[in-house]
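J.: Could you have a look at this structure, given as C-alpha cells, before my questions?
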Amino acid sequence: MSKAFLVLADGTVYEGQSIGAKGISIGETVFTTGMTGYLETLTDPSYFGQIVTQTFPLIGNYGVIPEDYESKKSWVRGYIVRELCDLPSNFRCDGDLNSFLKNQNIVGICGIDTRALTKKLREAGVMNGIIISNSDETPIVNNELLAKIKAYRVEKSVETVSSKELKIKNEELRMYDEVSKNWPETNHNIFHSDKKIKIVLWDFGAKHNIQRELEKRGAEVLVVPYSYTAEEILKLNPDGIMLSNGPGDPSDNVGIIGEIKKLCESGVPIFGICLGHQMLALARGAKTSKLKYGHRGGNHPVKDMETGKVYISSQNHGYAVENDTLPAYAKLAFVNSNDGTCEGVTYTDIPAFSVQFHPEACGGPHDTNYLFDKFVKLIEEK
C-alpha cells in the first residue's frame, strides 16, 4: 500500500496507508461508533460533505452488499478506518470494500490510530480535515494549507442529495424486495392497515429504509424532491407527510422551512426524522444549534419523557433542537440520556411529531421501530 495522510484544521497530521481512490479530499471530519452497518453509513446521504471515521477497529469483514445500500451511491468526502478487511466473508457478499471505495471515487486512509483521532474530535470538537493520498511525500503543513482546510463548508447539501423528480417506487427498492421476499419475517410490530394510505415522503436525503418501513405497513409512498412546494405536495392528496433525514445545517434551508410552515396549517399528519425533525421545529418557532462532535452510531440511549423508558437508537446528526426554545404547543417527547439534548417533539396543536434519531435503523437497533406504527395510527385516526 502507498502512503496517505490526514491533516486536521489544527495542524495535526496522521500517517497511514491509502485505501480507495487516490487523490485529495477535504471535508468535515466526524466519527461514528457503529460496530456494523458500514455500507449503510457510506450510502447514507446525511454524511454528505463529511470525512467519516469508523471507531470500530475492523471494517469490511462482510464485504459489499448492494441490497443494503441506503441510496444509489456513496456521499462521503473521505473514509477513515483502523484496519480494512481485504478478504470478506458473507453469503450475500458481492465484492470487497476497497474496490467499492475505488469505484465510488472515495479517498480513504487506514492504519492510523482511530482511537486517538476520536478522542481529539471529542475534546476539540468536529473540525475540517484533508486526506492526501496522491503522494508518499509528507505534506507540508503551512498557513496556506490550513487556511484551505478551515475554509471548507458543507453547502448545497439537500439539493445535491435529494431526488430530482417524483418517484413512487425506485429500482433500488425493487432490487431489495426481490432479494428479501423469501427471508423469514422479522419480529417487528408491523401494523397492517385495512385501507391503503398515501404518504408523501419529502426527500431531503432520505434513506431507503424509511420508505421500506412505510410500505411494510401497507402505505403507498410518493417520494418528492426537496424543491416541491407545500401546494404541490397537497395536490397529491396525501394522508400523511414524512419529512426525511438529510445532511447539513437545518437553518440553511429557509425556503423548505417556509413550505413546512404551510403544511403545518393543512391538518395533514406529519412525521419528521433527523433533518426533518429539525426543520419542523424551526418552522414552528424553535431554534437549532451545532453540537460539539455530534451523535453518530447505533448505540445512543434516548429516554421517553412520558413513560420513562430508555431505548437504544441509531443516530447521525451534528445539529440539535434547543430544548428551551420549544414553543408552548411543543412537548419534549424524548431526550438523549447522555447529554440531555432534544431527541423528539410531539406537537399538541397539530397532528405532528418528530424524532432526532432513526427509528428505521438499518443496521442498528429496532427499539423505536414502533414509531412508524404510531404514524400510521395517527393518519387513520385523522
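Starting from 1 in every chain, residues are counted up; chains themselves are A, B, ... following the order of the C-alpha cells, and ligands are numbered from 1 as listed.
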Residues at most 12 Å from Lys119 (chain A), counting only C-alpha atoms, excluding those fewer than 3 positions away in the same chain, as a list of chain:residue names?
T.: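 Here the answer would be A:Val30, A:Phe31, A:Thr53, A:Thr55, A:Asp113, A:Thr114, A:Arg115, A:Ala116, A:Arg122, A:Glu123, A:Ala124, A:Gly125, A:Val126, A:Tyr293.
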J.: Report as a PyMOL selection string all protein, DNA and RNA residues lying within 9 Å of Ala281 (chain A), evaluated on only C-alpha atoms, omitting residues in the same chain fewer than 4 positions from it.
T.: chain A and resi 276-277+285-288+321+326+330+345+354
J.: For all heavy atoms, I'd like the residues from the last selection saved as a PDB file, in the first residue's frame.
T.:
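Final output, saved to part-v8.pdb:
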ATOM      1  N   GLY A 276     -35.504  16.336   9.060  1.00  0.00           N
ATOM      2  CA  GLY A 276     -36.923  16.669   9.010  1.00  0.00           C
ATOM      3  C   GLY A 276     -37.444  17.118  10.362  1.00  0.00           C
ATOM      4  O   GLY A 276     -38.259  18.045  10.463  1.00  0.00           O
ATOM      5  N   HIS A 277     -36.988  16.476  11.412  1.00  0.00           N
ATOM      6  CA  HIS A 277     -37.322  16.853  12.793  1.00  0.00           C
ATOM      7  C   HIS A 277     -36.834  18.268  13.091  1.00  0.00           C
ATOM      8  O   HIS A 277     -37.563  19.097  13.655  1.00  0.00           O
ATOM      9  CB  HIS A 277     -36.682  15.831  13.740  1.00  0.00           C
ATOM     10  CG  HIS A 277     -36.371  16.334  15.112  1.00  0.00           C
ATOM     11  ND1 HIS A 277     -37.312  16.441  16.114  1.00  0.00           N
ATOM     12  CD2 HIS A 277     -35.189  16.753  15.663  1.00  0.00           C
ATOM     13  CE1 HIS A 277     -36.737  16.887  17.227  1.00  0.00           C
ATOM     14  NE2 HIS A 277     -35.457  17.094  16.979  1.00  0.00           N
ATOM     15  N   GLY A 285     -41.034  27.628  15.250  1.00  0.00           N
ATOM     16  CA  GLY A 285     -40.555  28.695  16.115  1.00  0.00           C
ATOM     17  C   GLY A 285     -39.414  28.351  17.046  1.00  0.00           C
ATOM     18  O   GLY A 285     -38.944  29.214  17.798  1.00  0.00           O
ATOM     19  N   ALA A 286     -38.934  27.108  17.025  1.00  0.00           N
ATOM     20  CA  ALA A 286     -37.798  26.725  17.869  1.00  0.00           C
ATOM     21  C   ALA A 286     -36.478  27.095  17.174  1.00  0.00           C
ATOM     22  O   ALA A 286     -36.468  27.583  16.038  1.00  0.00           O
ATOM     23  CB  ALA A 286     -37.845  25.232  18.166  1.00  0.00           C
ATOM     24  N   LYS A 287     -35.374  26.829  17.854  1.00  0.00           N
ATOM     25  CA  LYS A 287     -34.048  27.111  17.302  1.00  0.00           C
ATOM     26  C   LYS A 287     -33.199  25.836  17.312  1.00  0.00           C
ATOM     27  O   LYS A 287     -33.453  24.916  18.087  1.00  0.00           O
ATOM     28  CB  LYS A 287     -33.344  28.204  18.113  1.00  0.00           C
ATOM     29  CG  LYS A 287     -34.010  29.567  18.042  1.00  0.00           C
ATOM     30  CD  LYS A 287     -33.245  30.591  18.871  1.00  0.00           C
ATOM     31  CE  LYS A 287     -33.922  31.959  18.817  1.00  0.00           C
ATOM     32  NZ  LYS A 287     -33.197  32.968  19.651  1.00  0.00           N
ATOM     33  N   THR A 288     -32.195  25.806  16.442  1.00  0.00           N
ATOM     34  CA  THR A 288     -31.239  24.696  16.414  1.00  0.00           C
ATOM     35  C   THR A 288     -29.827  25.233  16.598  1.00  0.00           C
ATOM     36  O   THR A 288     -29.565  26.416  16.347  1.00  0.00           O
ATOM     37  CB  THR A 288     -31.314  23.921  15.088  1.00  0.00           C
ATOM     38  OG1 THR A 288     -31.052  24.820  14.000  1.00  0.00           O
ATOM     39  CG2 THR A 288     -32.674  23.275  14.898  1.00  0.00           C
ATOM     40  N   VAL A 321     -32.097  20.435  18.128  1.00  0.00           N
ATOM     41  CA  VAL A 321     -33.084  21.436  18.517  1.00  0.00           C
ATOM     42  C   VAL A 321     -32.797  21.845  19.954  1.00  0.00           C
ATOM     43  O   VAL A 321     -32.560  20.996  20.819  1.00  0.00           O
ATOM     44  CB  VAL A 321     -34.515  20.865  18.395  1.00  0.00           C
ATOM     45  CG1 VAL A 321     -35.542  21.872  18.912  1.00  0.00           C
ATOM     46  CG2 VAL A 321     -34.818  20.473  16.955  1.00  0.00           C
ATOM     47  N   LEU A 326     -38.377  25.489  22.550  1.00  0.00           N
ATOM     48  CA  LEU A 326     -39.624  24.892  22.068  1.00  0.00           C
ATOM     49  C   LEU A 326     -40.816  25.728  22.521  1.00  0.00           C
ATOM     50  O   LEU A 326     -40.884  26.131  23.683  1.00  0.00           O
ATOM     51  CB  LEU A 326     -39.765  23.460  22.590  1.00  0.00           C
ATOM     52  CG  LEU A 326     -38.815  22.414  22.003  1.00  0.00           C
ATOM     53  CD1 LEU A 326     -38.940  21.103  22.779  1.00  0.00           C
ATOM     54  CD2 LEU A 326     -39.104  22.185  20.525  1.00  0.00           C
ATOM     55  N   ALA A 330     -45.406  22.668  21.863  1.00  0.00           N
ATOM     56  CA  ALA A 330     -44.464  21.599  21.512  1.00  0.00           C
ATOM     57  C   ALA A 330     -44.010  20.899  22.784  1.00  0.00           C
ATOM     58  O   ALA A 330     -43.421  21.509  23.683  1.00  0.00           O
ATOM     59  CB  ALA A 330     -43.268  22.169  20.760  1.00  0.00           C
ATOM     60  N   VAL A 345     -40.066  15.495  19.576  1.00  0.00           N
ATOM     61  CA  VAL A 345     -41.062  16.505  19.916  1.00  0.00           C
ATOM     62  C   VAL A 345     -42.438  16.018  19.460  1.00  0.00           C
ATOM     63  O   VAL A 345     -42.576  15.476  18.360  1.00  0.00           O
ATOM     64  CB  VAL A 345     -40.755  17.859  19.238  1.00  0.00           C
ATOM     65  CG1 VAL A 345     -41.840  18.883  19.565  1.00  0.00           C
ATOM     66  CG2 VAL A 345     -39.390  18.383  19.667  1.00  0.00           C
ATOM     67  N   SER A 354     -42.017  14.329  15.787  1.00  0.00           N
ATOM     68  CA  SER A 354     -40.734  14.139  15.111  1.00  0.00           C
ATOM     69  C   SER A 354     -39.712  13.592  16.079  1.00  0.00           C
ATOM     70  O   SER A 354     -39.852  13.743  17.301  1.00  0.00           O
ATOM     71  CB  SER A 354     -40.239  15.469  14.523  1.00  0.00           C
ATOM     72  OG  SER A 354     -39.999  16.411  15.558  1.00  0.00           O
TER      73      SER A 354
END
J.: Quick one: residues within 7 Å of Leu84 (chain A), only C-alpha atoms, excluding same-chain residues fewer than 2 positions away - as a PyMOL selection string?
T.: chain A and resi 58-60+81-82+86+110
J.: Please, which residues of region 214-324 of chain A, numbered as in this document, come out helix (DSSP H, G or I) from DSSP, as number ranges by chain?
T.: A: 214-216, 230-235, 250-252, 254-264, 275-283, 323-324
J.: With only C-alpha atoms as the atoms that count, which of A:Cys342, A:Ala219, A:Cys85, A:Val200 lies nearest to Gln278 (chain A)?
T.: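 The closest residue to Gln278 (chain A) is A:Cys342.
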J.: Go through region 161-357 of chain A and collect every residue that DSSP, computed from the backbone, puts in strand (DSSP E or B); the answer should be as a PyMOL selection string.
T.: chain A and resi 167+197-202+219-224+240-243+270-273+288-304+310-321+330-336+342-347+352-355
J.: Skip Ser99 (chain A) itself and residues of its chain fewer than 2 positions away, then list as a PDB file with N, CA, C and O atoms, in the first residue's frame all residues within 12 Å of it, counting only C-alpha atoms.
T.:
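Result file is result_0.pdb:
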ATOM      1  N   ILE A  19      -6.337   3.848   0.959  1.00  0.00           N
ATOM      2  CA  ILE A  19      -7.381   2.914   0.535  1.00  0.00           C
ATOM      3  C   ILE A  19      -8.337   3.676  -0.375  1.00  0.00           C
ATOM      4  O   ILE A  19      -8.406   4.905  -0.342  1.00  0.00           O
ATOM      5  N   GLY A  20      -9.056   2.946  -1.184  1.00  0.00           N
ATOM      6  CA  GLY A  20      -9.991   3.602  -2.086  1.00  0.00           C
ATOM      7  C   GLY A  20      -9.272   4.325  -3.206  1.00  0.00           C
ATOM      8  O   GLY A  20      -8.212   3.907  -3.677  1.00  0.00           O
ATOM      9  N   ALA A  21      -9.853   5.441  -3.631  1.00  0.00           N
ATOM     10  CA  ALA A  21      -9.307   6.209  -4.751  1.00  0.00           C
ATOM     11  C   ALA A  21      -8.099   7.028  -4.314  1.00  0.00           C
ATOM     12  O   ALA A  21      -7.971   7.409  -3.149  1.00  0.00           O
ATOM     13  N   GLY A  60     -15.227  -3.902   7.004  1.00  0.00           N
ATOM     14  CA  GLY A  60     -15.240  -4.551   5.689  1.00  0.00           C
ATOM     15  C   GLY A  60     -15.308  -6.054   5.738  1.00  0.00           C
ATOM     16  O   GLY A  60     -15.191  -6.714   4.704  1.00  0.00           O
ATOM     17  N   GLY A  63     -17.908  -7.538   3.523  1.00  0.00           N
ATOM     18  CA  GLY A  63     -17.842  -7.096   2.141  1.00  0.00           C
ATOM     19  C   GLY A  63     -18.879  -6.063   1.753  1.00  0.00           C
ATOM     20  O   GLY A  63     -19.330  -5.268   2.578  1.00  0.00           O
ATOM     21  N   VAL A  64     -19.255  -6.106   0.473  1.00  0.00           N
ATOM     22  CA  VAL A  64     -20.207  -5.142  -0.079  1.00  0.00           C
ATOM     23  C   VAL A  64     -21.488  -5.883  -0.467  1.00  0.00           C
ATOM     24  O   VAL A  64     -21.453  -6.880  -1.180  1.00  0.00           O
ATOM     25  N   LEU A  84      -8.666  -2.343   7.372  1.00  0.00           N
ATOM     26  CA  LEU A  84      -9.619  -2.676   6.315  1.00  0.00           C
ATOM     27  C   LEU A  84      -9.487  -4.152   5.960  1.00  0.00           C
ATOM     28  O   LEU A  84      -8.399  -4.616   5.624  1.00  0.00           O
ATOM     29  N   CYS A  85     -10.584  -4.895   6.046  1.00  0.00           N
ATOM     30  CA  CYS A  85     -10.574  -6.319   5.724  1.00  0.00           C
ATOM     31  C   CYS A  85     -10.555  -6.497   4.206  1.00  0.00           C
ATOM     32  O   CYS A  85     -11.434  -5.982   3.510  1.00  0.00           O
ATOM     33  N   ASP A  86      -9.569  -7.224   3.689  1.00  0.00           N
ATOM     34  CA  ASP A  86      -9.480  -7.431   2.234  1.00  0.00           C
ATOM     35  C   ASP A  86      -9.948  -8.824   1.818  1.00  0.00           C
ATOM     36  O   ASP A  86      -9.914  -9.163   0.634  1.00  0.00           O
ATOM     37  N   LEU A  87     -10.378  -9.641   2.803  1.00  0.00           N
ATOM     38  CA  LEU A  87     -10.909 -10.971   2.494  1.00  0.00           C
ATOM     39  C   LEU A  87     -12.263 -11.143   3.186  1.00  0.00           C
ATOM     40  O   LEU A  87     -12.389 -11.872   4.180  1.00  0.00           O
ATOM     41  N   PRO A  88     -13.304 -10.478   2.684  1.00  0.00           N
ATOM     42  CA  PRO A  88     -14.613 -10.530   3.334  1.00  0.00           C
ATOM     43  C   PRO A  88     -15.271 -11.898   3.190  1.00  0.00           C
ATOM     44  O   PRO A  88     -14.962 -12.659   2.264  1.00  0.00           O
ATOM     45  N   ASP A  94     -20.863  -9.285  -2.377  1.00  0.00           N
ATOM     46  CA  ASP A  94     -20.746  -9.051  -3.813  1.00  0.00           C
ATOM     47  C   ASP A  94     -19.510  -8.209  -4.130  1.00  0.00           C
ATOM     48  O   ASP A  94     -19.508  -7.433  -5.076  1.00  0.00           O
ATOM     49  N   GLY A  95     -18.469  -8.351  -3.311  1.00  0.00           N
ATOM     50  CA  GLY A  95     -17.238  -7.605  -3.558  1.00  0.00           C
ATOM     51  C   GLY A  95     -16.625  -7.120  -2.261  1.00  0.00           C
ATOM     52  O   GLY A  95     -17.220  -7.236  -1.183  1.00  0.00           O
ATOM     53  N   ASP A  96     -15.417  -6.560  -2.367  1.00  0.00           N
ATOM     54  CA  ASP A  96     -14.719  -6.069  -1.174  1.00  0.00           C
ATOM     55  C   ASP A  96     -14.871  -4.553  -1.052  1.00  0.00           C
ATOM     56  O   ASP A  96     -15.130  -3.854  -2.034  1.00  0.00           O
ATOM     57  N   LEU A  97     -14.687  -4.060   0.145  1.00  0.00           N
ATOM     58  CA  LEU A  97     -14.929  -2.650   0.439  1.00  0.00           C
ATOM     59  C   LEU A  97     -13.936  -1.728  -0.260  1.00  0.00           C
ATOM     60  O   LEU A  97     -14.302  -0.639  -0.709  1.00  0.00           O
ATOM     61  N   LEU A 101     -14.863   1.510  -2.615  1.00  0.00           N
ATOM     62  CA  LEU A 101     -14.378   2.875  -2.421  1.00  0.00           C
ATOM     63  C   LEU A 101     -13.737   3.417  -3.703  1.00  0.00           C
ATOM     64  O   LEU A 101     -13.939   4.585  -4.068  1.00  0.00           O
ATOM     65  N   LYS A 102     -12.989   2.570  -4.392  1.00  0.00           N
ATOM     66  CA  LYS A 102     -12.371   2.994  -5.648  1.00  0.00           C
ATOM     67  C   LYS A 102     -13.440   3.300  -6.691  1.00  0.00           C
ATOM     68  O   LYS A 102     -13.369   4.322  -7.385  1.00  0.00           O
ATOM     69  N   ASN A 103     -14.424   2.419  -6.814  1.00  0.00           N
ATOM     70  CA  ASN A 103     -15.487   2.614  -7.801  1.00  0.00           C
ATOM     71  C   ASN A 103     -16.314   3.868  -7.521  1.00  0.00           C
ATOM     72  O   ASN A 103     -16.821   4.503  -8.442  1.00  0.00           O
ATOM     73  N   GLN A 104     -16.434   4.214  -6.238  1.00  0.00           N
ATOM     74  CA  GLN A 104     -17.210   5.391  -5.843  1.00  0.00           C
ATOM     75  C   GLN A 104     -16.345   6.652  -5.786  1.00  0.00           C
ATOM     76  O   GLN A 104     -16.836   7.731  -5.433  1.00  0.00           O
ATOM     77  N   ASN A 105     -15.067   6.504  -6.113  1.00  0.00           N
ATOM     78  CA  ASN A 105     -14.106   7.618  -6.094  1.00  0.00           C
ATOM     79  C   ASN A 105     -13.994   8.263  -4.708  1.00  0.00           C
ATOM     80  O   ASN A 105     -13.895   9.482  -4.568  1.00  0.00           O
ATOM     81  N   ILE A 106     -13.988   7.399  -3.678  1.00  0.00           N
ATOM     82  CA  ILE A 106     -13.851   7.867  -2.301  1.00  0.00           C
ATOM     83  C   ILE A 106     -12.394   7.715  -1.859  1.00  0.00           C
ATOM     84  O   ILE A 106     -11.833   6.617  -1.889  1.00  0.00           O
ATOM     85  N   VAL A 107     -11.793   8.820  -1.462  1.00  0.00           N
ATOM     86  CA  VAL A 107     -10.416   8.819  -0.962  1.00  0.00           C
ATOM     87  C   VAL A 107     -10.433   8.384   0.494  1.00  0.00           C
ATOM     88  O   VAL A 107     -11.206   8.916   1.306  1.00  0.00           O
ATOM     89  N   GLY A 108      -9.594   7.400   0.833  1.00  0.00           N
ATOM     90  CA  GLY A 108      -9.602   6.903   2.200  1.00  0.00           C
ATOM     91  C   GLY A 108      -8.215   6.656   2.758  1.00  0.00           C
ATOM     92  O   GLY A 108      -7.204   6.702   2.039  1.00  0.00           O
TER      93      GLY A 108
END
J.: Could you work out how far CA of Asp367 (chain A) lies from CA of Ser74 (chain A), giving the answer in Å with one decimal?
T.: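 Between these atoms lies a distance of 26.6 Å.
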J.: Between A:Leu201, A:Leu332, A:Ala352, A:Leu243, which has the minimum distance to Glu265 (chain A) (counting only C-alpha atoms)?
T.: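 So, comparing all the options, the nearest one is A:Ala352.
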J.: Contacts of Ser71 (chain A) at 10 Å or less, counting only C-alpha atoms, minus same-chain residues fewer than 4 places along, as a list of chain:residue names?
T.: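 Near neighbours after the sequence-gap exclusion: A:Glu40, A:Leu42, A:Thr43, A:Asp44, A:Pro45, A:Pro66, A:Glu67, A:Trp75, A:Val161, A:Glu172, A:Leu173, A:Gly205, A:Ala206, A:Lys207, A:His208, A:Asn209.
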J.: Kindly export the residues of the current selection with N, CA, C and O atoms, as a PDB file, in the first residue's frame.
T.:
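Okay, out_30.pdb is ready:
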ATOM      1  N   GLU A  40     -24.342   1.004   5.096  1.00  0.00           N
ATOM      2  CA  GLU A  40     -25.405   1.982   5.275  1.00  0.00           C
ATOM      3  C   GLU A  40     -24.815   3.360   5.582  1.00  0.00           C
ATOM      4  O   GLU A  40     -25.338   4.376   5.114  1.00  0.00           O
ATOM      5  N   LEU A  42     -21.853   4.511   4.553  1.00  0.00           N
ATOM      6  CA  LEU A  42     -21.245   5.032   3.323  1.00  0.00           C
ATOM      7  C   LEU A  42     -22.287   5.526   2.324  1.00  0.00           C
ATOM      8  O   LEU A  42     -21.998   6.432   1.521  1.00  0.00           O
ATOM      9  N   THR A  43     -23.483   4.939   2.336  1.00  0.00           N
ATOM     10  CA  THR A  43     -24.511   5.320   1.365  1.00  0.00           C
ATOM     11  C   THR A  43     -25.618   6.176   1.970  1.00  0.00           C
ATOM     12  O   THR A  43     -26.615   6.451   1.299  1.00  0.00           O
ATOM     13  N   ASP A  44     -25.459   6.601   3.205  1.00  0.00           N
ATOM     14  CA  ASP A  44     -26.431   7.476   3.859  1.00  0.00           C
ATOM     15  C   ASP A  44     -26.192   8.910   3.389  1.00  0.00           C
ATOM     16  O   ASP A  44     -25.123   9.480   3.642  1.00  0.00           O
ATOM     17  N   PRO A  45     -27.164   9.543   2.714  1.00  0.00           N
ATOM     18  CA  PRO A  45     -26.970  10.919   2.223  1.00  0.00           C
ATOM     19  C   PRO A  45     -26.682  11.924   3.330  1.00  0.00           C
ATOM     20  O   PRO A  45     -26.140  12.996   3.066  1.00  0.00           O
ATOM     21  N   PRO A  66     -25.016  -4.821  -2.113  1.00  0.00           N
ATOM     22  CA  PRO A  66     -25.806  -3.738  -2.722  1.00  0.00           C
ATOM     23  C   PRO A  66     -27.218  -3.612  -2.181  1.00  0.00           C
ATOM     24  O   PRO A  66     -27.765  -2.502  -2.127  1.00  0.00           O
ATOM     25  N   GLU A  67     -27.824  -4.738  -1.769  1.00  0.00           N
ATOM     26  CA  GLU A  67     -29.188  -4.674  -1.247  1.00  0.00           C
ATOM     27  C   GLU A  67     -29.285  -3.857   0.042  1.00  0.00           C
ATOM     28  O   GLU A  67     -30.378  -3.449   0.442  1.00  0.00           O
ATOM     29  N   TRP A  75     -21.940   9.137  -0.459  1.00  0.00           N
ATOM     30  CA  TRP A  75     -21.925  10.601  -0.413  1.00  0.00           C
ATOM     31  C   TRP A  75     -20.792  11.157   0.443  1.00  0.00           C
ATOM     32  O   TRP A  75     -20.639  12.372   0.551  1.00  0.00           O
ATOM     33  N   VAL A 161     -28.305  15.920  -2.727  1.00  0.00           N
ATOM     34  CA  VAL A 161     -28.630  14.516  -2.443  1.00  0.00           C
ATOM     35  C   VAL A 161     -30.088  14.153  -2.696  1.00  0.00           C
ATOM     36  O   VAL A 161     -30.430  12.978  -2.775  1.00  0.00           O
ATOM     37  N   GLU A 172     -33.815   0.670  -6.784  1.00  0.00           N
ATOM     38  CA  GLU A 172     -33.066   0.129  -5.654  1.00  0.00           C
ATOM     39  C   GLU A 172     -33.993  -0.635  -4.713  1.00  0.00           C
ATOM     40  O   GLU A 172     -33.660  -1.697  -4.201  1.00  0.00           O
ATOM     41  N   LEU A 173     -35.200  -0.104  -4.491  1.00  0.00           N
ATOM     42  CA  LEU A 173     -36.126  -0.765  -3.578  1.00  0.00           C
ATOM     43  C   LEU A 173     -36.711  -2.023  -4.209  1.00  0.00           C
ATOM     44  O   LEU A 173     -36.978  -3.001  -3.530  1.00  0.00           O
ATOM     45  N   GLY A 205     -32.803  13.795   1.448  1.00  0.00           N
ATOM     46  CA  GLY A 205     -31.664  12.883   1.530  1.00  0.00           C
ATOM     47  C   GLY A 205     -32.111  11.615   2.212  1.00  0.00           C
ATOM     48  O   GLY A 205     -31.411  11.048   3.051  1.00  0.00           O
ATOM     49  N   ALA A 206     -33.309  11.168   1.848  1.00  0.00           N
ATOM     50  CA  ALA A 206     -33.978  10.065   2.549  1.00  0.00           C
ATOM     51  C   ALA A 206     -33.240   8.741   2.407  1.00  0.00           C
ATOM     52  O   ALA A 206     -32.788   8.375   1.324  1.00  0.00           O
ATOM     53  N   LYS A 207     -33.141   8.021   3.508  1.00  0.00           N
ATOM     54  CA  LYS A 207     -32.624   6.662   3.483  1.00  0.00           C
ATOM     55  C   LYS A 207     -33.715   5.735   2.949  1.00  0.00           C
ATOM     56  O   LYS A 207     -34.889   5.902   3.278  1.00  0.00           O
ATOM     57  N   HIS A 208     -33.318   4.763   2.137  1.00  0.00           N
ATOM     58  CA  HIS A 208     -34.284   3.847   1.539  1.00  0.00           C
ATOM     59  C   HIS A 208     -35.158   3.147   2.579  1.00  0.00           C
ATOM     60  O   HIS A 208     -36.326   2.839   2.325  1.00  0.00           O
ATOM     61  N   ASN A 209     -34.585   2.887   3.757  1.00  0.00           N
ATOM     62  CA  ASN A 209     -35.329   2.092   4.724  1.00  0.00           C
ATOM     63  C   ASN A 209     -36.544   2.811   5.293  1.00  0.00           C
ATOM     64  O   ASN A 209     -37.453   2.174   5.822  1.00  0.00           O
TER      65      ASN A 209
END
J.: Looking at only C-alpha atoms, which of A:Leu146, A:Leu282, A:Ile80, A:Met127 is the one that sits closest to Cys264 (chain A)?
T.: A:Leu282
J.: CA of Ala328 (chain A) and CA of Phe375 (chain A) are how many Å apart?
T.: 22.2 Å
J.: Which residue out of A:Asn336, A:Thr41, A:Ser289, A:Gln50 has the minimum interatomic distance to Lys309 (chain A) when only C-alpha atoms are used?
T.: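 That would be A:Asn336, the residue with the smallest distance to Lys309 (chain A).
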J.: Which residue is closest to Glu215 (chain A)? Choose from A:Val376, A:Phe91, A:Gly363, A:Ile270 and count only C-alpha atoms.
T.: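 Of the candidates, the smallest distance to Glu215 (chain A) is held by A:Val376.
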J.: Please list as a PDB file with N, CA and C atoms, in the first residue's frame every residue within 12 Å of Gly11 (chain A), counting only C-alpha atoms and excluding residues in the same chain fewer than 6 positions away.
T.:
ATOM      1  N   PHE A   5      -2.182  10.545   4.065  1.00  0.00           N
ATOM      2  CA  PHE A   5      -2.061  11.431   5.223  1.00  0.00           C
ATOM      3  C   PHE A   5      -3.399  12.116   5.493  1.00  0.00           C
ATOM      4  N   MET A 127     -13.920  19.024  13.418  1.00  0.00           N
ATOM      5  CA  MET A 127     -13.144  20.004  12.655  1.00  0.00           C
ATOM      6  C   MET A 127     -12.908  19.494  11.245  1.00  0.00           C
ATOM      7  N   ASN A 128     -12.617  20.419  10.353  1.00  0.00           N
ATOM      8  CA  ASN A 128     -12.341  20.045   8.972  1.00  0.00           C
ATOM      9  C   ASN A 128     -11.000  19.321   8.874  1.00  0.00           C
ATOM     10  N   GLY A 129     -10.877  18.533   7.831  1.00  0.00           N
ATOM     11  CA  GLY A 129      -9.628  17.816   7.586  1.00  0.00           C
ATOM     12  C   GLY A 129      -9.455  17.562   6.104  1.00  0.00           C
ATOM     13  N   ILE A 130      -8.276  17.086   5.740  1.00  0.00           N
ATOM     14  CA  ILE A 130      -7.989  16.757   4.351  1.00  0.00           C
ATOM     15  C   ILE A 130      -7.238  15.433   4.305  1.00  0.00           C
ATOM     16  N   PRO A 139       3.018  15.786   3.614  1.00  0.00           N
ATOM     17  CA  PRO A 139       2.583  17.125   3.208  1.00  0.00           C
ATOM     18  C   PRO A 139       3.193  18.215   4.080  1.00  0.00           C
ATOM     19  N   ILE A 140       3.462  19.333   3.459  1.00  0.00           N
ATOM     20  CA  ILE A 140       3.971  20.496   4.186  1.00  0.00           C
ATOM     21  C   ILE A 140       2.782  21.237   4.788  1.00  0.00           C
ATOM     22  N   VAL A 141       2.724  21.251   6.100  1.00  0.00           N
ATOM     23  CA  VAL A 141       1.616  21.911   6.778  1.00  0.00           C
ATOM     24  C   VAL A 141       1.985  23.375   7.023  1.00  0.00           C
ATOM     25  N   ASN A 142       1.463  24.235   6.180  1.00  0.00           N
ATOM     26  CA  ASN A 142       1.729  25.669   6.313  1.00  0.00           C
ATOM     27  C   ASN A 142       0.401  26.421   6.425  1.00  0.00           C
ATOM     28  N   ASN A 143       0.498  27.734   6.556  1.00  0.00           N
ATOM     29  CA  ASN A 143      -0.703  28.551   6.725  1.00  0.00           C
ATOM     30  C   ASN A 143      -1.647  28.448   5.530  1.00  0.00           C
ATOM     31  N   GLU A 144      -1.065  28.284   4.347  1.00  0.00           N
ATOM     32  CA  GLU A 144      -1.885  28.194   3.137  1.00  0.00           C
ATOM     33  C   GLU A 144      -2.753  26.929   3.156  1.00  0.00           C
ATOM     34  N   LEU A 145      -2.149  25.791   3.533  1.00  0.00           N
ATOM     35  CA  LEU A 145      -2.899  24.541   3.593  1.00  0.00           C
ATOM     36  C   LEU A 145      -3.965  24.595   4.677  1.00  0.00           C
ATOM     37  N   LEU A 146      -3.592  25.092   5.859  1.00  0.00           N
ATOM     38  CA  LEU A 146      -4.545  25.154   6.963  1.00  0.00           C
ATOM     39  C   LEU A 146      -5.710  26.095   6.644  1.00  0.00           C
ATOM     40  N   ALA A 147      -5.418  27.199   5.957  1.00  0.00           N
ATOM     41  CA  ALA A 147      -6.481  28.138   5.575  1.00  0.00           C
ATOM     42  C   ALA A 147      -7.454  27.473   4.603  1.00  0.00           C
ATOM     43  N   LYS A 148      -6.908  26.651   3.701  1.00  0.00           N
ATOM     44  CA  LYS A 148      -7.741  25.929   2.730  1.00  0.00           C
ATOM     45  C   LYS A 148      -8.650  24.931   3.446  1.00  0.00           C
ATOM     46  N   ILE A 149      -8.092  24.240   4.429  1.00  0.00           N
ATOM     47  CA  ILE A 149      -8.882  23.258   5.183  1.00  0.00           C
ATOM     48  C   ILE A 149      -9.987  23.956   5.973  1.00  0.00           C
ATOM     49  N   LYS A 150      -9.617  25.029   6.665  1.00  0.00           N
ATOM     50  CA  LYS A 150     -10.585  25.737   7.515  1.00  0.00           C
ATOM     51  C   LYS A 150     -11.706  26.386   6.707  1.00  0.00           C
TER      52      LYS A 150
END
J.: Which residue is closest to Lys198 (chain A)? Choose from A:Pro238, A:Leu39, A:Val224, A:Ile210 and count only C-alpha atoms.
T.: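 Smallest distance to Lys198 (chain A) is found for A:Pro238.
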J.: For Glu232 (chain A), work out the shell of residues within 12 Å, counting only C-alpha atoms and skipping chain neighbours fewer than 2 positions away, then give it as a PyMOL selection string.
T.: chain A and resi 166+200+202+224-230+234-238+259+262-263
